[in-house]
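Worksheet: one structure, shown below.
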Amino acid sequence: MPFAPLLSPPPLPLSSLQILPISLSPIPQISVPNPRTSSPLRSLRFPARIRDRTVSFCSPMLGPVDEPDAAERFLSQDCLSTARAYWVTRSLIAWNVGDDEAVVWLYASRRANLVLTDEGVEGHDSKVLLEQEPCGLPENVIQKFPHIKHYKAFHVPLSVDVGSLVKCQLAVVSFCARGKCKNATGLQLPGVLDDMFAYKGPLGAVFSEEAITLNLWAPTAQVVCAHVYKGPLGEDQLDPMQLEEVNGVWSAAGPRSWEGCYYVYEVSVYHPSTSRIETCKVNDPYARGLSSDGMRTLLVNLDCGKFKPPGWDDLANGKPEFHSFADISIYELHVRDFSASDETVDPNFRGGFLAFTSQDSAGVSHLKKLSDAGLTHVHLLPCFQFGGVDDDRIKWEQLDYDELSKQPPDSDKQQGEVTSIQDQDGYNWGYNPVLFGVPKGSYASNPNGESRIIDFRKMIQALNRIGLRVVLDVVYNHLYVVPGYYLRRNVDGYIENSACINNTASEHFMVERLIIDDLLCWAVAYKVDGFRFDLMGHIMKSTMVKAKSALQSLSKDENGVDGSKIYIYGEGWDFGEVANNGRGINASQFNIGGTGIGSFNDRIRDAVLGGSPFGHPLQQGFVTGLSLQPNGYDHGSKRVTDNMLSTSVDHIQIGLAANLRDFVLTSHTGAAMKGSEILTHDGVAVGYALCPTETINYVSAHDNETLFDIISLKTAEEILVDDRCRINHLATSIVALSQGVPFFHSGDEILRSKSLDRDSYNSGDWFNRLDFSYEMNNWGVGLPPREKNEKNWPLIKPRLANPSFKPEKHHILAALGNFIDLLKIRYSSPLFRLRTANEIQERVCFHNTGPSSCLGAIVMSIEDGYEGEPGMIQLDPNYSFIVIVFNACPTKTSVSLPSLRGRVLQLHPVQVASSDKLVKESSYEASSGCFTIPQRTTSVFVEARGA
């Protein structure tokens, strides 16, 4: 989820408390490791925040200082730049001031003239004496702000005009008994703004037959003016229009003839980082269209018929059908990757939305193959307006790919050329939001006007037409802007940035509302079928539950959308200031259970591949040779590695059972244990889901190396490329045949490589190429970019230089055939897609378990009921029993299972017809219950009903 450095920002999408354009001067960049503990590791660049100064007289670390000279030493004008006090409700201010005897005043200056002196504060327009509340903060405040539960509470008199004060520079100041100024700080206002100005009415541009009404929520603004322009560029401005405020909402009505024009808001507001009243121009946070440079908001009515492709209004009735969220399978895809290198696509469409409408292109033909095999959903990386890529393609810098192709596979020249233009080319993953609700201009045929809207809708139609629903990757956890109501701050008032740049605060009413309104817009106006939430753990659980409820309440009759078919999932990592419910109950893996919202299962990823994104890249796992074919990395003694492998098998088996919290498994120790009782190496429970659709099983995603690349790093160097290709398929088969929702990164099925780049968010088309002609997999196109990969170059260089690592076309075609077979097998029986935790517990069983198990083999069975017999309900009309054997050993393996003796099992018909000769050698002997499986092979056996 990394993003490009922020150097010259667009106008801001949000206007409320302290929202201003970022300085046009370059902001210094710093590099830090991402602090996630359960997610892919990424070293991220982001603008340095205001330095973290703790200048309070009463420091949390130092405690109260009573001696007056100390106060004079520590107290300075810098205190007013902090915001260590919280105005939490209309009548309460919370502050961790240390002296119980102190007298506390609230000061306000409409012109931002406050000056701190030894005697107090000068330059104020008004001041209010605050009385301490002896009972402290009430429970409802502590629930909203748990991180300040121990703060003192001060009462704000009812006579105070709160609406006027929140527009001012504010400070709370404490004085000792002798009248000496002891402590001072600014205030954080989200609590009082939520209490006084929470608003549920119309926002953005509202179209009626006679007029267009503009509505902006900005309770801290002093003046708001709308500038309307006839076009996206130039000075063709109409008369500016002053907006009027009612309870924090600024509104004005203009003529209907404004439709198709552009506008910006000019807002005057106090900004604490400059300690001044600033006047700035901002976009509407509820914008639905933009100019090409993102500087102006387009006045566009999404309901207008001219923006709807033929048949758009009937699309809900033509959506690809599925019956349960358990039937979903997901293919993650970047819009530009899909077609930027596809020569069968019109050059004008390449890299954009309309490439999906090229029904005879290589890329669309590839998606059709996957859809025909059973794939249900395409997950598109961010498609909203994001920073880092200019909307105007003419401004992009290009590289000579023919020249780069002449360089050696382990050369550093390619990465040098790519990174030299990486902020001026057309590539970025898009995890740096500018405006949530507008399609990205660089993906449109014309970034001005209505093309973004029409092109995006045509893309949705085209994908639905070939049987694929569409998931949109949404990034509500941070914004490409500076401090304000919308952002979460620490106890000193500085912006929390654990989500990479600045963290939005969904615990604030209007932030939550913006998120839900935006989701509803994409669902209704663009008929998006699902949403993947970036860093979902940084969003509150209550927000996610409300979002799900709002989406699923949509109906075809009222909204043209069947909301019951909209699926949502995300990254449930628990870290940063929200960890352990530090800001309220967040949407982390362990909190999201029971909601039906999916979260990514990193446990199965790490057990299958080995180590974690934080560990050494040579750490091995189940499929990459742990204990079975060592790669030279010191994992410990054979006894240690055998135990590591057995533990990994336990984790994988819980993942295969949808990572359910209460699924009971016989562990490698022989003990019967629930998923929640089996622990990772750092003591975290493996199982956390309460129903199967709360688990997204995966082994690769856009983050970190591709599946083929990580296998090429972790496996022993001497193995053949044929074996690496089989391991790629083995890893994918674990995901494809697991209970829960399987998730695949685009290119997993064709051995995609990024030349071992671990973070290709800004690595250009060169390292991110997808080749749907199947001629190459992009391995060995040079050392990956220095910034994120240089420390691993000593490992990477010899592998890229070794021609035996590079797959041939026949390997790629074989991988694709095997992947299609997996999809066909998954959708050949409902037993692979059980819908409830009870069904999984009743029907799924693991064999070859306990201390005497055969290392390197996982055996899973799924049993169906029989018509007319008591007990389990019959689900599958064709198969009564299924056995899946995953053999990670480098040699043929036989596993005898007396409990399965006498079954009438045959190799699955799809594998019988497979082009994979090895899988056909799989066998089962009924008399002994012995399964013999070729090396690095997944074999599926079925018992036909009535056999």
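In the structure tokens, chains take the letters A, B, ... in the order shown, each chain's residues start at 1, and ligands count up from 1 in the order shown.
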Which neighbours of Val103 (chain A) fall inside 7 Å, counting only C-alpha atoms, when residues of the same chain fewer than 4 positions from it are skipped, and could you give them as a PDB file with N, CA and C atoms, in the first residue's frame?
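After the write, around_39.pdb holds the following:
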ATOM      1  N   SER A 174      -3.098  27.342  32.176  1.00  0.00           N
ATOM      2  CA  SER A 174      -3.246  27.178  33.626  1.00  0.00           C
ATOM      3  C   SER A 174      -2.326  28.151  34.354  1.00  0.00           C
ATOM      4  N   PHE A 175      -2.806  28.629  35.510  1.00  0.00           N
ATOM      5  CA  PHE A 175      -2.059  29.567  36.335  1.00  0.00           C
ATOM      6  C   PHE A 175      -1.942  28.991  37.736  1.00  0.00           C
ATOM      7  N   CYS A 176      -0.808  29.264  38.371  1.00  0.00           N
ATOM      8  CA  CYS A 176      -0.636  28.850  39.758  1.00  0.00           C
ATOM      9  C   CYS A 176      -1.314  29.863  40.677  1.00  0.00           C
TER      10      CYS A 176
END
Write out as a short mmCIF file (atom, residue, chain, number, x, y, z; two decimals) with C-alpha atoms, in the first residue's frame each polymer residue whose atoms come within 7 Å of region 798-808 of chain A, counting only C-alpha atoms; drop sequence neighbours fewer than 2 positions from it.
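Ended up saving to result.cif:
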data_model
loop_
_atom_site.label_atom_id
_atom_site.label_comp_id
_atom_site.auth_asym_id
_atom_site.auth_seq_id
_atom_site.Cartn_x
_atom_site.Cartn_y
_atom_site.Cartn_z
CA PRO A 409 19.23 -9.76 -16.50
CA ASP A 410 21.17 -8.83 -13.35
CA VAL A 721 12.78 -24.42 -12.93
CA MET A 776 7.52 -14.36 -20.98
CA TRP A 779 11.85 -12.65 -14.90
CA GLY A 780 15.38 -11.27 -15.22
CA LEU A 795 20.85 -12.81 -3.02
CA ILE A 796 19.00 -11.52 -6.06
CA HIS A 810 5.61 -24.09 -22.10
CA HIS A 811 6.03 -23.60 -18.33
CA ILE A 812 3.73 -20.60 -18.42
#
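For the residues A:Val345, A:Ile394, A:Ala316, A:Ala579, ranking by smallest atom-to-atom distance to Lys527 (chain A) using only C-alpha atoms places A:Ala316 first.
Distance annotation: of A:Glu417, A:Ile148, A:Asp864, A:Arg336, the residue with the minimal separation from Asp400 (chain A) is A:Glu417; atom set is only C-alpha atoms.
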Exercise. Contacts of region 432-447 of chain A at 6 Å or less, counting only C-alpha atoms, minus same-chain residues fewer than 3 places along, as an MDAnalysis selection string?
Worked result: chainID A and resid 3 13 288:289 292 352:353 383:387 391 451:452 479:480 518
Residues as selected, C-alpha atoms, written as a short mmCIF file (atom, residue, chain, number, x, y, z; two decimals), in the first residue's frame, can you do that?
data_model
loop_
_atom_site.label_atom_id
_atom_site.label_comp_id
_atom_site.auth_asym_id
_atom_site.auth_seq_id
_atom_site.Cartn_x
_atom_site.Cartn_y
_atom_site.Cartn_z
CA PHE A 3 2.59 5.68 -2.18
CA PRO A 13 -10.41 17.54 -1.03
CA ARG A 288 -17.93 13.55 -8.43
CA GLY A 289 -15.81 14.96 -11.25
CA SER A 292 -7.39 17.04 -15.60
CA GLY A 352 -6.91 2.61 -18.87
CA PHE A 353 -10.51 1.72 -18.13
CA CYS A 383 -9.29 3.63 -9.28
CA PHE A 384 -10.21 6.87 -7.49
CA GLN A 385 -8.29 10.11 -7.97
CA PHE A 386 -4.88 9.53 -6.43
CA GLY A 387 -1.60 11.42 -6.38
CA ASP A 391 -3.78 12.88 -15.34
CA SER A 451 -15.06 10.68 -19.72
CA ARG A 452 -13.90 9.39 -16.34
CA LEU A 479 -5.29 11.11 2.76
CA TYR A 480 -2.95 13.12 0.55
CA ASP A 518 -18.53 7.41 -0.74
#
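The list of residues with at least one atom within 8 Å of Ser341 (chain A), based on only C-alpha atoms and without residues fewer than 2 positions apart in the same chain, reads Asp337, Phe338, Ser339, Glu343, Arg350, Asp765, Arg769, Leu770 and Asp771 of chain A.
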Which residues are close to Phe767 (chain A), i.e. within 7 Å by only C-alpha atoms, leaving aside same-chain residues fewer than 3 positions away? Reply as a compact mmCIF listing (two decimals) with N, CA and C atoms, in the first residue's frame.
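Result file out_12.txt:
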# COMPACT_ATOMS: atom_id res chain seq x y z
N LYS A 754 8.38 -10.00 -11.02
CA LYS A 754 8.72 -8.57 -11.06
C LYS A 754 10.23 -8.42 -10.88
N SER A 755 10.94 -9.43 -11.35
CA SER A 755 12.41 -9.46 -11.26
C SER A 755 12.84 -9.32 -9.80
N SER A 763 7.45 1.24 -9.47
CA SER A 763 8.53 0.68 -10.28
C SER A 763 8.23 0.69 -11.76
N GLY A 764 7.19 1.39 -12.17
CA GLY A 764 6.90 1.55 -13.58
C GLY A 764 6.40 0.29 -14.26
For this session: Please identify all polymer residues within 6 Å of Gly186 (chain A), counting only C-alpha atoms, omitting same-chain residues fewer than 2 positions from it, and present them as a ChimeraX atom specification.
Result: /A:80,82-83,170-171
For this session: Using DSSP on the backbone coordinates, identify the residues of region 790-859 of chain A assigned to alpha helix (DSSP H); present them as a PyMOL selection string.
Result: chain A and resi 793-801+809-826+837-843
For this session: For CA of Arg945 (chain A) and CA of Leu907 (chain A), quote the distance in Å rounded to one decimal.
Result: 14.3 Å
For this session: Can you work out the spacing between CA of Ser371 (chain A) and CA of Ser829 (chain A) in Å, to one decimal?
Result: 16.6 Å
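The smallest atom-to-atom distance between Ser915 (chain A) and any of A:Leu243, A:Leu813, A:Met860, A:Ala607, using only C-alpha atoms, is found for A:Leu813.
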For this session: May I ask which of the residues A:His651, A:Lys917, A:Arg110, A:Arg724 is the closest one to Lys167 (chain A), counting only C-alpha atoms?
Result: A:Arg110
For this session: Fewer than 3 positions away in the same chain doesn't count, so skip those; otherwise give me all residues within 12 Å of Lys308 (chain A), counting only C-alpha atoms, as an MDAnalysis selection string.
Result: chainID A and resid 301:305 311:315 450:461 525:527
Requested write-out: C-alpha atoms of the selected residues, as an mmCIF file, in the first residue's frame:
data_model
loop_
_atom_site.group_PDB
_atom_site.id
_atom_site.type_symbol
_atom_site.label_atom_id
_atom_site.label_comp_id
_atom_site.auth_asym_id
_atom_site.auth_seq_id
_atom_site.Cartn_x
_atom_site.Cartn_y
_atom_site.Cartn_z
ATOM 1 C CA ASN A 301 -25.003 14.953 -12.204
ATOM 2 C CA LEU A 302 -24.207 11.230 -12.181
ATOM 3 C CA ASP A 303 -27.879 10.431 -12.829
ATOM 4 C CA CYS A 304 -27.827 12.231 -16.162
ATOM 5 C CA GLY A 305 -28.637 9.870 -19.021
ATOM 6 C CA GLY A 311 -28.069 -0.714 -20.973
ATOM 7 C CA TRP A 312 -26.513 0.822 -17.863
ATOM 8 C CA ASP A 313 -29.730 1.149 -15.882
ATOM 9 C CA ASP A 314 -30.514 -2.539 -16.464
ATOM 10 C CA LEU A 315 -27.081 -3.768 -15.405
ATOM 11 C CA GLU A 450 -17.394 13.285 -18.141
ATOM 12 C CA SER A 451 -15.056 10.684 -19.716
ATOM 13 C CA ARG A 452 -13.898 9.386 -16.339
ATOM 14 C CA ILE A 453 -17.486 8.529 -15.470
ATOM 15 C CA ILE A 454 -18.462 6.971 -18.778
ATOM 16 C CA ASP A 455 -15.215 5.010 -19.173
ATOM 17 C CA PHE A 456 -15.443 3.560 -15.661
ATOM 18 C CA ARG A 457 -19.034 2.491 -16.238
ATOM 19 C CA LYS A 458 -18.113 0.860 -19.541
ATOM 20 C CA MET A 459 -15.371 -1.073 -17.750
ATOM 21 C CA ILE A 460 -17.829 -2.382 -15.141
ATOM 22 C CA GLN A 461 -20.234 -3.396 -17.895
ATOM 23 C CA ALA A 525 -23.641 5.274 -9.345
ATOM 24 C CA TYR A 526 -21.015 2.804 -10.607
ATOM 25 C CA LYS A 527 -22.592 -0.534 -9.598
#
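For the choices A:Asp534, A:Asp402, A:Asp916, A:Glu705, the atom-to-atom distance to Arg726 (chain A) is smallest for A:Asp916 when using only C-alpha atoms.
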Seminar exercise, completed: Using only C-alpha atoms, the residue out of A:Leu905, A:His155, A:Glu943, A:Ala226 with shortest distance to Ser927 (chain A) is A:Leu905
For this session: Write down as a PyMOL selection string the residues belonging to region 789-947 of chain A that are assigned strand (DSSP E or B) by DSSP computed on the backbone.
Result: chain A and resi 844-847+857-863+879-887+893-896+906-907+923-925+930-933+937-944
Exercise. How many Å separate CA of Phe356 (chain A) from CA of Ala462 (chain A)?
Worked result: 6.2 Å
